[in-house]
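S.K.: What follows is the file model39.cif, containing mmCIF, C-alpha atoms:
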data_data
loop_
_atom_site.group_PDB
_atom_site.id
_atom_site.type_symbol
_atom_site.label_atom_id
_atom_site.label_comp_id
_atom_site.auth_asym_id
_atom_site.auth_seq_id
_atom_site.Cartn_x
_atom_site.Cartn_y
_atom_site.Cartn_z
ATOM 1 C CA MET A 20 0.000 0.000 0.000
ATOM 2 C CA ASN A 21 1.257 3.452 -0.865
ATOM 3 C CA ASN A 22 1.489 6.434 1.475
ATOM 4 C CA THR A 23 0.837 4.398 4.623
ATOM 5 C CA ILE A 24 2.463 4.516 8.052
ATOM 6 C CA GLN A 25 4.193 1.230 8.794
ATOM 7 C CA SER A 26 3.417 1.124 12.517
ATOM 8 C CA ILE A 27 -0.278 1.745 11.865
ATOM 9 C CA ASP A 28 -0.312 -0.911 9.128
ATOM 10 C CA ARG A 29 1.150 -3.391 11.595
ATOM 11 C CA ALA A 30 -1.367 -2.462 14.264
ATOM 12 C CA PHE A 31 -4.238 -3.188 11.878
ATOM 13 C CA GLU A 32 -2.580 -6.436 10.807
ATOM 14 C CA ILE A 33 -2.528 -7.496 14.458
ATOM 15 C CA LEU A 34 -6.157 -6.501 14.992
ATOM 16 C CA GLU A 35 -7.321 -8.368 11.890
ATOM 17 C CA THR A 36 -5.301 -11.431 12.858
ATOM 18 C CA LEU A 37 -6.718 -11.448 16.385
ATOM 19 C CA SER A 38 -10.236 -11.130 14.957
ATOM 20 C CA MET A 39 -9.823 -14.580 13.423
ATOM 21 C CA GLU A 40 -8.708 -16.267 16.659
ATOM 22 C CA SER A 41 -11.438 -16.441 19.311
ATOM 23 C CA ARG A 42 -9.034 -17.982 21.863
ATOM 24 C CA GLY A 43 -6.558 -15.194 21.388
ATOM 25 C CA MET A 44 -2.873 -15.433 20.472
ATOM 26 C CA SER A 45 0.478 -15.172 22.193
ATOM 27 C CA ILE A 46 3.182 -12.700 21.199
ATOM 28 C CA LYS A 47 5.188 -15.608 19.754
ATOM 29 C CA GLU A 48 2.242 -16.736 17.599
ATOM 30 C CA LEU A 49 1.578 -13.243 16.327
ATOM 31 C CA SER A 50 5.260 -12.712 15.612
ATOM 32 C CA GLU A 51 5.452 -15.898 13.560
ATOM 33 C CA ARG A 52 2.133 -15.358 11.782
ATOM 34 C CA LEU A 53 2.966 -11.794 10.736
ATOM 35 C CA THR A 54 6.749 -12.198 10.402
ATOM 36 C CA LEU A 55 7.405 -9.401 12.887
ATOM 37 C CA ASN A 56 9.923 -9.065 15.717
ATOM 38 C CA LYS A 57 8.524 -9.996 19.117
ATOM 39 C CA SER A 58 9.567 -6.608 20.481
ATOM 40 C CA THR A 59 7.592 -4.848 17.724
ATOM 41 C CA VAL A 60 4.510 -6.960 18.415
ATOM 42 C CA HIS A 61 4.847 -6.301 22.147
ATOM 43 C CA ARG A 62 5.037 -2.513 21.698
ATOM 44 C CA ILE A 63 2.031 -2.411 19.379
ATOM 45 C CA LEU A 64 -0.011 -4.651 21.690
ATOM 46 C CA ALA A 65 0.835 -2.408 24.658
ATOM 47 C CA THR A 66 -0.508 0.589 22.752
ATOM 48 C CA LEU A 67 -3.660 -1.234 21.667
ATOM 49 C CA ILE A 68 -4.262 -2.397 25.234
ATOM 50 C CA ALA A 69 -3.898 1.174 26.506
ATOM 51 C CA TRP A 70 -6.575 2.266 24.031
ATOM 52 C CA GLY A 71 -8.861 -0.648 24.932
ATOM 53 C CA TYR A 72 -8.768 -2.340 21.527
ATOM 54 C CA VAL A 73 -6.911 -5.397 22.810
ATOM 55 C CA GLU A 74 -6.992 -7.162 26.147
ATOM 56 C CA LYS A 75 -4.563 -9.632 27.724
ATOM 57 C CA ASN A 76 -5.281 -12.841 29.607
ATOM 58 C CA ASN A 77 -2.492 -12.726 32.187
ATOM 59 C CA GLU A 78 -2.779 -16.407 33.129
ATOM 60 C CA GLU A 79 -2.418 -17.729 29.583
ATOM 61 C CA LYS A 80 -0.436 -14.743 28.287
ATOM 62 C CA ARG A 81 -2.716 -14.545 25.277
ATOM 63 C CA TYR A 82 -4.120 -11.456 23.610
ATOM 64 C CA ARG A 83 -7.550 -10.955 22.051
ATOM 65 C CA LEU A 84 -9.753 -8.127 20.834
ATOM 66 C CA GLY A 85 -11.020 -5.776 23.527
ATOM 67 C CA PRO A 86 -14.436 -4.186 24.131
ATOM 68 C CA LYS A 87 -13.505 -0.931 22.376
ATOM 69 C CA ILE A 88 -13.722 -2.781 19.044
ATOM 70 C CA ILE A 89 -17.357 -3.624 19.780
ATOM 71 C CA ASN A 90 -18.077 -0.010 20.626
ATOM 72 C CA LEU A 91 -16.687 1.158 17.310
ATOM 73 C CA GLY A 92 -18.735 -1.381 15.397
ATOM 74 C CA SER A 93 -21.882 -0.488 17.294
ATOM 75 C CA VAL A 94 -21.491 3.204 16.537
ATOM 76 C CA TYR A 95 -21.179 2.452 12.837
ATOM 77 C CA LEU A 96 -24.057 -0.018 12.736
ATOM 78 C CA ASN A 97 -26.382 2.139 14.807
ATOM 79 C CA ASN A 98 -25.845 5.036 12.444
ATOM 80 C CA ILE A 99 -26.738 3.100 9.344
ATOM 81 C CA GLU A 100 -30.091 4.281 8.053
ATOM 82 C CA LEU A 101 -32.124 1.375 6.725
ATOM 83 C CA LYS A 102 -34.048 3.449 4.224
ATOM 84 C CA THR A 103 -30.951 5.205 2.912
ATOM 85 C CA GLU A 104 -28.954 1.999 2.569
ATOM 86 C CA ALA A 105 -31.865 0.159 0.931
ATOM 87 C CA LEU A 106 -32.792 2.838 -1.616
ATOM 88 C CA PRO A 107 -30.378 1.974 -4.458
ATOM 89 C CA TYR A 108 -31.295 -1.703 -4.242
ATOM 90 C CA LEU A 109 -34.998 -0.899 -4.248
ATOM 91 C CA HIS A 110 -34.539 1.136 -7.421
ATOM 92 C CA LYS A 111 -32.512 -1.634 -8.996
ATOM 93 C CA LEU A 112 -35.223 -4.178 -8.139
ATOM 94 C CA LYS A 113 -37.862 -1.904 -9.660
ATOM 95 C CA ASP A 114 -35.803 -1.615 -12.822
ATOM 96 C CA ARG A 115 -35.276 -5.360 -13.034
ATOM 97 C CA THR A 116 -38.939 -6.255 -12.487
ATOM 98 C CA SER A 117 -40.644 -3.136 -13.917
ATOM 99 C CA GLN A 118 -43.059 -3.361 -10.985
ATOM 100 C CA VAL A 119 -43.714 -1.575 -7.686
ATOM 101 C CA VAL A 120 -41.272 -2.211 -4.837
ATOM 102 C CA HIS A 121 -41.907 -1.742 -1.098
ATOM 103 C CA LEU A 122 -39.765 -1.579 2.029
ATOM 104 C CA GLY A 123 -41.496 -2.097 5.365
ATOM 105 C CA ILE A 124 -41.023 -2.848 9.045
ATOM 106 C CA VAL A 125 -43.282 -4.172 11.787
ATOM 107 C CA GLU A 126 -44.148 -1.580 14.422
ATOM 108 C CA ASN A 127 -46.595 -2.256 17.247
ATOM 109 C CA GLY A 128 -48.014 -5.220 15.374
ATOM 110 C CA ASP A 129 -48.575 -3.370 12.083
ATOM 111 C CA VAL A 130 -46.630 -3.232 8.838
ATOM 112 C CA VAL A 131 -45.374 0.306 8.234
ATOM 113 C CA TYR A 132 -44.341 1.197 4.685
ATOM 114 C CA LEU A 133 -40.968 2.961 4.888
ATOM 115 C CA ASP A 134 -40.531 3.350 1.166
ATOM 116 C CA LYS A 135 -42.325 2.703 -2.113
ATOM 117 C CA ILE A 136 -40.706 2.837 -5.537
ATOM 118 C CA GLU A 137 -43.499 3.288 -8.049
ATOM 119 C CA ILE A 138 -43.855 2.784 -11.780
ATOM 120 C CA PHE A 139 -46.126 4.468 -14.262
ATOM 121 C CA SER A 140 -49.289 2.381 -14.165
ATOM 122 C CA THR A 141 -53.030 2.701 -14.335
ATOM 123 C CA ILE A 142 -53.260 0.418 -11.291
ATOM 124 C CA ARG A 143 -53.653 2.404 -8.088
ATOM 125 C CA MET A 144 -52.410 0.664 -4.983
ATOM 126 C CA TYR A 145 -53.438 0.998 -1.349
ATOM 127 C CA SER A 146 -49.871 1.325 -0.093
ATOM 128 C CA LYS A 147 -48.036 4.591 0.440
ATOM 129 C CA ILE A 148 -45.089 5.694 2.544
ATOM 130 C CA GLY A 149 -46.028 5.917 6.217
ATOM 131 C CA LYS A 150 -49.253 3.994 5.803
ATOM 132 C CA ARG A 151 -49.975 1.039 8.056
ATOM 133 C CA ALA A 152 -51.261 -2.381 7.058
ATOM 134 C CA MET A 153 -51.962 -5.631 8.850
ATOM 135 C CA CYS A 154 -49.398 -8.427 9.024
ATOM 136 C CA HIS A 155 -51.519 -11.492 8.356
ATOM 137 C CA ASN A 156 -52.621 -10.487 4.850
ATOM 138 C CA THR A 157 -49.533 -8.775 3.420
ATOM 139 C CA GLY A 158 -46.379 -10.270 1.942
ATOM 140 C CA LEU A 159 -44.196 -7.922 3.971
ATOM 141 C CA GLY A 160 -45.992 -8.795 7.182
ATOM 142 C CA LYS A 161 -45.846 -12.545 6.660
ATOM 143 C CA ALA A 162 -42.178 -12.411 5.626
ATOM 144 C CA MET A 163 -41.331 -10.780 8.965
ATOM 145 C CA MET A 164 -43.759 -12.752 11.124
ATOM 146 C CA ALA A 165 -42.236 -16.003 9.878
ATOM 147 C CA PHE A 166 -39.050 -15.207 11.780
ATOM 148 C CA MET A 167 -40.690 -14.012 14.989
ATOM 149 C CA SER A 168 -41.147 -16.170 18.071
ATOM 150 C CA GLU A 169 -44.493 -17.912 18.351
ATOM 151 C CA LYS A 170 -45.206 -15.750 21.401
ATOM 152 C CA ASP A 171 -44.770 -12.557 19.369
ATOM 153 C CA VAL A 172 -46.889 -13.912 16.522
ATOM 154 C CA ASP A 173 -49.662 -14.839 18.955
ATOM 155 C CA LYS A 174 -49.567 -11.353 20.467
ATOM 156 C CA ILE A 175 -49.984 -9.712 17.062
ATOM 157 C CA LEU A 176 -52.887 -11.990 16.178
ATOM 158 C CA ARG A 177 -54.480 -11.429 19.573
ATOM 159 C CA ASP A 178 -54.087 -7.648 19.496
ATOM 160 C CA LYS A 179 -54.873 -7.076 15.814
ATOM 161 C CA GLY A 180 -57.128 -9.993 14.978
ATOM 162 C CA MET A 181 -57.327 -11.614 11.543
ATOM 163 C CA PRO A 182 -60.137 -9.824 9.716
ATOM 164 C CA LYS A 183 -61.087 -10.987 6.235
ATOM 165 C CA VAL A 184 -59.874 -8.128 4.047
ATOM 166 C CA LYS A 185 -60.281 -9.943 0.718
ATOM 167 C CA GLU A 186 -61.566 -13.316 -0.404
ATOM 168 C CA ASN A 187 -58.099 -14.921 -0.150
ATOM 169 C CA THR A 188 -57.211 -13.456 3.247
ATOM 170 C CA ILE A 189 -56.131 -16.108 5.747
ATOM 171 C CA THR A 190 -58.315 -15.878 8.847
ATOM 172 C CA ASP A 191 -57.409 -19.135 10.626
ATOM 173 C CA PRO A 192 -54.362 -18.888 12.947
ATOM 174 C CA LYS A 193 -53.457 -22.538 12.332
ATOM 175 C CA VAL A 194 -53.436 -22.059 8.567
ATOM 176 C CA LEU A 195 -51.362 -18.881 8.911
ATOM 177 C CA LYS A 196 -48.811 -20.545 11.178
ATOM 178 C CA GLU A 197 -48.427 -23.393 8.707
ATOM 179 C CA GLU A 198 -47.750 -20.840 5.974
ATOM 180 C CA LEU A 199 -45.249 -19.056 8.211
ATOM 181 C CA ARG A 200 -43.371 -22.351 8.610
ATOM 182 C CA LEU A 201 -43.255 -22.691 4.837
ATOM 183 C CA ILE A 202 -42.014 -19.110 4.460
ATOM 184 C CA ARG A 203 -39.317 -19.717 7.049
ATOM 185 C CA SER A 204 -38.066 -22.811 5.213
ATOM 186 C CA ARG A 205 -37.978 -21.296 1.704
ATOM 187 C CA GLY A 206 -37.081 -17.711 2.651
ATOM 188 C CA TRP A 207 -39.882 -15.795 0.919
ATOM 189 C CA ALA A 208 -43.575 -14.969 1.294
ATOM 190 C CA ILE A 209 -46.378 -14.393 -1.176
ATOM 191 C CA ASP A 210 -49.450 -12.183 -0.965
ATOM 192 C CA ASP A 211 -51.948 -13.739 -3.361
ATOM 193 C CA GLU A 212 -54.744 -11.140 -3.581
ATOM 194 C CA GLU A 213 -54.966 -11.214 0.215
ATOM 195 C CA ASN A 214 -54.708 -7.447 0.636
ATOM 196 C CA GLU A 215 -55.762 -6.072 -2.743
ATOM 197 C CA MET A 216 -57.675 -7.662 -5.594
ATOM 198 C CA GLY A 217 -55.765 -8.267 -8.820
ATOM 199 C CA ILE A 218 -52.381 -7.963 -7.080
ATOM 200 C CA ARG A 219 -49.701 -10.501 -6.140
ATOM 201 C CA CYS A 220 -46.423 -9.818 -4.428
ATOM 202 C CA VAL A 221 -43.277 -11.615 -3.311
ATOM 203 C CA ALA A 222 -41.658 -10.471 -0.064
ATOM 204 C CA VAL A 223 -38.298 -11.365 1.502
ATOM 205 C CA PRO A 224 -36.950 -10.458 4.967
ATOM 206 C CA VAL A 225 -33.981 -8.160 5.591
ATOM 207 C CA TYR A 226 -31.478 -9.041 8.346
ATOM 208 C CA ASP A 227 -29.195 -6.926 10.512
ATOM 209 C CA TYR A 228 -25.715 -7.558 11.913
ATOM 210 C CA THR A 229 -27.102 -9.759 14.706
ATOM 211 C CA GLY A 230 -28.868 -12.040 12.231
ATOM 212 C CA ASN A 231 -32.307 -10.797 13.251
ATOM 213 C CA VAL A 232 -35.021 -9.815 10.783
ATOM 214 C CA ILE A 233 -35.516 -6.041 10.914
ATOM 215 C CA ALA A 234 -37.530 -5.366 7.763
ATOM 216 C CA ALA A 235 -38.756 -6.838 4.494
ATOM 217 C CA ILE A 236 -38.922 -5.812 0.865
ATOM 218 C CA SER A 237 -41.434 -6.829 -1.776
ATOM 219 C CA SER A 238 -42.093 -6.676 -5.487
ATOM 220 C CA THR A 239 -45.755 -6.270 -6.405
ATOM 221 C CA GLY A 240 -47.495 -6.671 -9.729
ATOM 222 C CA PRO A 241 -50.809 -7.435 -11.476
ATOM 223 C CA LEU A 242 -51.951 -11.053 -11.788
ATOM 224 C CA GLU A 243 -51.597 -11.134 -15.558
ATOM 225 C CA ILE A 244 -47.859 -10.415 -15.203
ATOM 226 C CA TYR A 245 -47.117 -11.945 -11.838
ATOM 227 C CA THR A 246 -48.250 -15.468 -12.599
ATOM 228 C CA TYR A 247 -47.133 -18.215 -10.215
ATOM 229 C CA GLU A 248 -44.705 -19.532 -12.812
ATOM 230 C CA TYR A 249 -43.159 -16.117 -13.457
ATOM 231 C CA LEU A 250 -42.787 -15.415 -9.759
ATOM 232 C CA GLU A 251 -40.944 -18.670 -9.077
ATOM 233 C CA GLU A 252 -38.857 -18.584 -12.252
ATOM 234 C CA LYS A 253 -37.665 -14.989 -11.987
ATOM 235 C CA VAL A 254 -39.128 -12.611 -9.416
ATOM 236 C CA VAL A 255 -38.340 -14.603 -6.259
ATOM 237 C CA ASP A 256 -34.618 -14.685 -7.043
ATOM 238 C CA LEU A 257 -34.545 -10.972 -7.865
ATOM 239 C CA VAL A 258 -36.235 -10.018 -4.582
ATOM 240 C CA LYS A 259 -34.033 -12.387 -2.581
ATOM 241 C CA ASP A 260 -30.920 -10.892 -4.155
ATOM 242 C CA ALA A 261 -32.022 -7.330 -3.349
ATOM 243 C CA ALA A 262 -32.901 -8.273 0.239
ATOM 244 C CA TYR A 263 -29.540 -9.962 0.674
ATOM 245 C CA GLN A 264 -27.652 -6.927 -0.609
ATOM 246 C CA ILE A 265 -29.547 -4.663 1.782
ATOM 247 C CA SER A 266 -28.873 -7.084 4.632
ATOM 248 C CA LEU A 267 -25.153 -6.922 3.886
ATOM 249 C CA ARG A 268 -25.334 -3.130 4.082
ATOM 250 C CA MET A 269 -26.939 -3.525 7.512
ATOM 251 C CA GLY A 270 -23.978 -5.590 8.713
ATOM 252 C CA TYR A 271 -25.411 -9.061 8.093
ATOM 253 C CA GLN A 272 -22.718 -11.733 7.879
ATOM 254 C CA GLY A 273 -24.832 -14.745 6.934
#
Rewrite the structure from the file as structure tokens, please.

M.R.:
Amino acid sequence: MNNTIQSIDRAFEILETLSMESRGMSIKELSERLTLNKSTVHRILATLIAWGYVEKNNEEKRYRLGPKIINLGSVYLNNIELKTEALPYLHKLKDRTSQVVHLGIVENGDVVYLDKIEIFSTIRMYSKIGKRAMCHNTGLGKAMMAFMSEKDVDKILRDKGMPKVKENTITDPKVLKEELRLIRSRGWAIDDEENEMGIRCVAVPVYDYTGNVIAAISSTGPLEIYTYEYLEEKVVDLVKDAAYQISLRMGYQG
């Protein structure tokens, strides 16, 4: 690397090496791994310990990453804005499908639309940014509910009920829970005219750095375009790819 400071380069080499060893490493091991003098490794470790980025196990004389590293990561991750990070991938998904794309979260048992990327169409949809919808009859809602605990799912159903919004709306908790198991196993949900007539959508969850589901995205289109075959052959993979890219931006490592 050009225009770098050697001592700082070595410090980062040590940090990155320690990040791969959960048990920690001795000065001798670090020296051999990085081809550095033991005295150099010792001086750098002493500095990193003083700053809280490395800690030493005095009994085993092994070094590992310290709590300050976690603090740095948390600051970065907590400042990531979901909507901002997701936006380019939502636009790309809209371009690839030529259909409406949504981003939503679950808040107090409701789906809240954080973003909507529209297309020119004569079809007018219920959804709009900031609007709330129910979980049991939307692709976004089911995609997120599938990864909740059964206790949390039961609370939503108890608090919000399962009203029949359209002819295809699922109103039986047992039937819904069976569908949630299917969604969990395959990684995507479908809204088959359960919220709006003439509309189908595919929804996929978005994960954060802890591996938890924090949101979902969906691609929504008219029945004549979004046939079952077309969804499974093309749209599902496109939505899954977009959701995965957004998850990576949110720190997901899976």

S.K.: Can you work out which one of A:Ala105, A:Val119, A:Ser204, A:Glu212 has the shortest atom-to-atom distance to Thr157 (chain A), counting only C-alpha atoms?

M.R.: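 Using only C-alpha atoms, the shortest distance to Thr157 (chain A) belongs to A:Glu212.
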
S.K.: Could you jot down the CA of Val254 (chain A) to CA of Ile136 (chain A) separation for me, Å, one decimal place?

M.R.: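 CA of Ile136 (chain A) lies 16.0 Å from CA of Val254 (chain A).
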
S.K.: Might you pull out every residue within 10 Å of region 224-231 of chain A, with all atoms listed in the file counted and same-chain residues fewer than 2 positions away left off, and present them as number ranges by chain?

M.R.: A: 92-93, 96, 101, 105, 122-124, 158-167, 203, 206-208, 222, 233-237, 258-259, 261-273

S.K.: For the provided coordinates, the residues matched by the PyMOL selection byres ((chain A and resi 69-82) around 8) should be stated as an NGL selection string.

M.R.: :A and (34 or 37 or 42-46 or 64-68 or 83-88)

S.K.: Closest to Ile89 (chain A) among A:Thr23, A:Ser38, A:Asn187, A:Thr246, using only C-alpha atoms?

M.R.: A:Ser38

S.K.: Extract, using all atoms listed in the file, all DNA, RNA and protein residues at most 9 Å from Ser117 (chain A), discarding same-chain residues fewer than 5 positions from it, and format them as a tab-separated table (two decimals) with C-alpha atoms, in the frame of the given file.

M.R.:
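Okay, this is what ended up in part-v5.tsv:
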chain	number	residue	atom	x	y	z
A	112	LEU	CA	-35.22	-4.18	-8.14
A	138	ILE	CA	-43.86	2.78	-11.78
A	240	GLY	CA	-47.50	-6.67	-9.73

S.K.: Translate the PyMOL selection byres ((chain A and resi 172) around 12) into a concrete residue list for this structure, as a ChimeraX atom specification.

M.R.: /A:125,127-129,154-155,160-171,173-181,192-193,195-196,199

S.K.: Can you report as lines of an AutoDock Vina configuration file the centre and edge lengths in Å, to one decimal, of an axis-aligned box around the listed atoms of region 171-188 of chain A padded with 5 Å on each side?

M.R.:
center_x = -53.2
center_y = -11.0
center_z = 10.0
size_x = 26.8
size_y = 17.8
size_z = 30.9

S.K.: With distances taken over all atoms listed in the file, which residue among A:Met153, A:Leu257, A:Met39, A:Leu250 lies nearest Glu213 (chain A)?

M.R.: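 So, comparing all the options, the nearest one is A:Met153.
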
S.K.: Hey, can you check how far CA of Thr59 (chain A) sits from CA of Thr36 (chain A)?

M.R.: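 Separation of CA of Thr59 (chain A) and CA of Thr36 (chain A): 15.3 Å.
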
S.K.: Work out how far apart CA of Glu186 (chain A) and CA of Arg200 (chain A) are and give it in Å to one decimal.

M.R.: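 Atom-to-atom, CA of Glu186 (chain A) and CA of Arg200 (chain A) are spaced 22.2 Å apart.
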
S.K.: Measuring between all atoms listed in the file, which one of A:Gln118, A:Lys113, A:Ala152, A:Thr54 shows the shortest distance to Val131 (chain A)?

M.R.: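 Closest to Val131 (chain A) of all the choices is A:Ala152.
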
S.K.: Which of these, A:Ser238, A:Ser41, A:Thr103, A:Gln25, has the shortest distance to Ile209 (chain A) once you count all atoms listed in the file?

M.R.: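 Looking only at the distances to Ile209 (chain A), the closest residue turns out to be A:Ser238.
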
S.K.: Generate the missing atoms of region 194-203 of chain A up to all heavy atoms and report them as a PDB file, in the frame of the given file.

M.R.:
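Listing of rebuild.pdb after writing:
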ATOM      1  N   VAL A 194     -53.817 -22.110   9.977  1.00  0.00           N
ATOM      2  CA  VAL A 194     -53.436 -22.059   8.567  1.00  0.00           C
ATOM      3  C   VAL A 194     -52.305 -21.052   8.363  1.00  0.00           C
ATOM      4  O   VAL A 194     -51.342 -21.307   7.629  1.00  0.00           O
ATOM      5  CB  VAL A 194     -54.646 -21.684   7.688  1.00  0.00           C
ATOM      6  CG1 VAL A 194     -54.220 -21.493   6.236  1.00  0.00           C
ATOM      7  CG2 VAL A 194     -55.728 -22.758   7.787  1.00  0.00           C
ATOM      8  N   LEU A 195     -52.409 -19.894   9.030  1.00  0.00           N
ATOM      9  CA  LEU A 195     -51.362 -18.881   8.911  1.00  0.00           C
ATOM     10  C   LEU A 195     -50.033 -19.401   9.443  1.00  0.00           C
ATOM     11  O   LEU A 195     -48.983 -19.219   8.807  1.00  0.00           O
ATOM     12  CB  LEU A 195     -51.766 -17.614   9.668  1.00  0.00           C
ATOM     13  CG  LEU A 195     -50.716 -16.494   9.673  1.00  0.00           C
ATOM     14  CD1 LEU A 195     -50.472 -15.984   8.254  1.00  0.00           C
ATOM     15  CD2 LEU A 195     -51.132 -15.347  10.586  1.00  0.00           C
ATOM     16  N   LYS A 196     -50.061 -20.059  10.590  1.00  0.00           N
ATOM     17  CA  LYS A 196     -48.811 -20.545  11.178  1.00  0.00           C
ATOM     18  C   LYS A 196     -48.162 -21.616  10.303  1.00  0.00           C
ATOM     19  O   LYS A 196     -46.930 -21.717  10.233  1.00  0.00           O
ATOM     20  CB  LYS A 196     -49.062 -21.063  12.592  1.00  0.00           C
ATOM     21  CG  LYS A 196     -49.347 -19.943  13.590  1.00  0.00           C
ATOM     22  CD  LYS A 196     -49.564 -20.471  14.988  1.00  0.00           C
ATOM     23  CE  LYS A 196     -49.830 -19.325  15.963  1.00  0.00           C
ATOM     24  NZ  LYS A 196     -50.022 -19.801  17.360  1.00  0.00           N
ATOM     25  N   GLU A 197     -48.975 -22.406   9.638  1.00  0.00           N
ATOM     26  CA  GLU A 197     -48.427 -23.393   8.707  1.00  0.00           C
ATOM     27  C   GLU A 197     -47.750 -22.685   7.529  1.00  0.00           C
ATOM     28  O   GLU A 197     -46.675 -23.101   7.081  1.00  0.00           O
ATOM     29  CB  GLU A 197     -49.541 -24.315   8.202  1.00  0.00           C
ATOM     30  CG  GLU A 197     -49.047 -25.448   7.332  1.00  0.00           C
ATOM     31  CD  GLU A 197     -48.059 -26.351   8.038  1.00  0.00           C
ATOM     32  OE1 GLU A 197     -48.238 -26.604   9.253  1.00  0.00           O
ATOM     33  OE2 GLU A 197     -47.094 -26.788   7.374  1.00  0.00           O
ATOM     34  N   GLU A 198     -48.371 -21.602   7.062  1.00  0.00           N
ATOM     35  CA  GLU A 198     -47.750 -20.840   5.974  1.00  0.00           C
ATOM     36  C   GLU A 198     -46.472 -20.174   6.447  1.00  0.00           C
ATOM     37  O   GLU A 198     -45.492 -20.093   5.695  1.00  0.00           O
ATOM     38  CB  GLU A 198     -48.713 -19.798   5.414  1.00  0.00           C
ATOM     39  CG  GLU A 198     -48.102 -18.991   4.285  1.00  0.00           C
ATOM     40  CD  GLU A 198     -49.114 -18.243   3.429  1.00  0.00           C
ATOM     41  OE1 GLU A 198     -50.315 -18.578   3.495  1.00  0.00           O
ATOM     42  OE2 GLU A 198     -48.702 -17.337   2.687  1.00  0.00           O
ATOM     43  N   LEU A 199     -46.464 -19.685   7.681  1.00  0.00           N
ATOM     44  CA  LEU A 199     -45.249 -19.056   8.211  1.00  0.00           C
ATOM     45  C   LEU A 199     -44.102 -20.063   8.282  1.00  0.00           C
ATOM     46  O   LEU A 199     -42.946 -19.707   8.040  1.00  0.00           O
ATOM     47  CB  LEU A 199     -45.514 -18.459   9.598  1.00  0.00           C
ATOM     48  CG  LEU A 199     -46.513 -17.296   9.663  1.00  0.00           C
ATOM     49  CD1 LEU A 199     -46.653 -16.799  11.099  1.00  0.00           C
ATOM     50  CD2 LEU A 199     -46.111 -16.157   8.737  1.00  0.00           C
ATOM     51  N   ARG A 200     -44.405 -21.317   8.599  1.00  0.00           N
ATOM     52  CA  ARG A 200     -43.371 -22.351   8.610  1.00  0.00           C
ATOM     53  C   ARG A 200     -42.807 -22.568   7.205  1.00  0.00           C
ATOM     54  O   ARG A 200     -41.600 -22.753   7.028  1.00  0.00           O
ATOM     55  CB  ARG A 200     -43.927 -23.662   9.179  1.00  0.00           C
ATOM     56  CG  ARG A 200     -43.991 -23.695  10.706  1.00  0.00           C
ATOM     57  CD  ARG A 200     -44.307 -25.071  11.223  1.00  0.00           C
ATOM     58  NE  ARG A 200     -45.708 -25.418  11.031  1.00  0.00           N
ATOM     59  CZ  ARG A 200     -46.672 -25.129  11.895  1.00  0.00           C
ATOM     60  NH1 ARG A 200     -46.389 -24.486  13.024  1.00  0.00           N
ATOM     61  NH2 ARG A 200     -47.917 -25.489  11.658  1.00  0.00           N
ATOM     62  N   LEU A 201     -43.694 -22.543   6.222  1.00  0.00           N
ATOM     63  CA  LEU A 201     -43.255 -22.691   4.837  1.00  0.00           C
ATOM     64  C   LEU A 201     -42.376 -21.515   4.420  1.00  0.00           C
ATOM     65  O   LEU A 201     -41.333 -21.699   3.779  1.00  0.00           O
ATOM     66  CB  LEU A 201     -44.474 -22.789   3.916  1.00  0.00           C
ATOM     67  CG  LEU A 201     -44.199 -22.822   2.406  1.00  0.00           C
ATOM     68  CD1 LEU A 201     -43.369 -24.050   2.050  1.00  0.00           C
ATOM     69  CD2 LEU A 201     -45.508 -22.804   1.634  1.00  0.00           C
ATOM     70  N   ILE A 202     -42.791 -20.314   4.786  1.00  0.00           N
ATOM     71  CA  ILE A 202     -42.014 -19.110   4.460  1.00  0.00           C
ATOM     72  C   ILE A 202     -40.627 -19.184   5.093  1.00  0.00           C
ATOM     73  O   ILE A 202     -39.618 -18.860   4.463  1.00  0.00           O
ATOM     74  CB  ILE A 202     -42.757 -17.841   4.946  1.00  0.00           C
ATOM     75  CG1 ILE A 202     -44.052 -17.653   4.154  1.00  0.00           C
ATOM     76  CG2 ILE A 202     -41.857 -16.608   4.831  1.00  0.00           C
ATOM     77  CD1 ILE A 202     -45.005 -16.643   4.764  1.00  0.00           C
ATOM     78  N   ARG A 203     -40.584 -19.625   6.338  1.00  0.00           N
ATOM     79  CA  ARG A 203     -39.317 -19.717   7.049  1.00  0.00           C
ATOM     80  C   ARG A 203     -38.372 -20.708   6.361  1.00  0.00           C
ATOM     81  O   ARG A 203     -37.168 -20.485   6.289  1.00  0.00           O
ATOM     82  CB  ARG A 203     -39.573 -20.129   8.499  1.00  0.00           C
ATOM     83  CG  ARG A 203     -38.381 -20.013   9.424  1.00  0.00           C
ATOM     84  CD  ARG A 203     -38.813 -19.931  10.885  1.00  0.00           C
ATOM     85  NE  ARG A 203     -39.719 -21.005  11.256  1.00  0.00           N
ATOM     86  CZ  ARG A 203     -41.000 -20.831  11.586  1.00  0.00           C
ATOM     87  NH1 ARG A 203     -41.524 -19.620  11.582  1.00  0.00           N
ATOM     88  NH2 ARG A 203     -41.754 -21.850  11.938  1.00  0.00           N
TER      89      ARG A 203
END
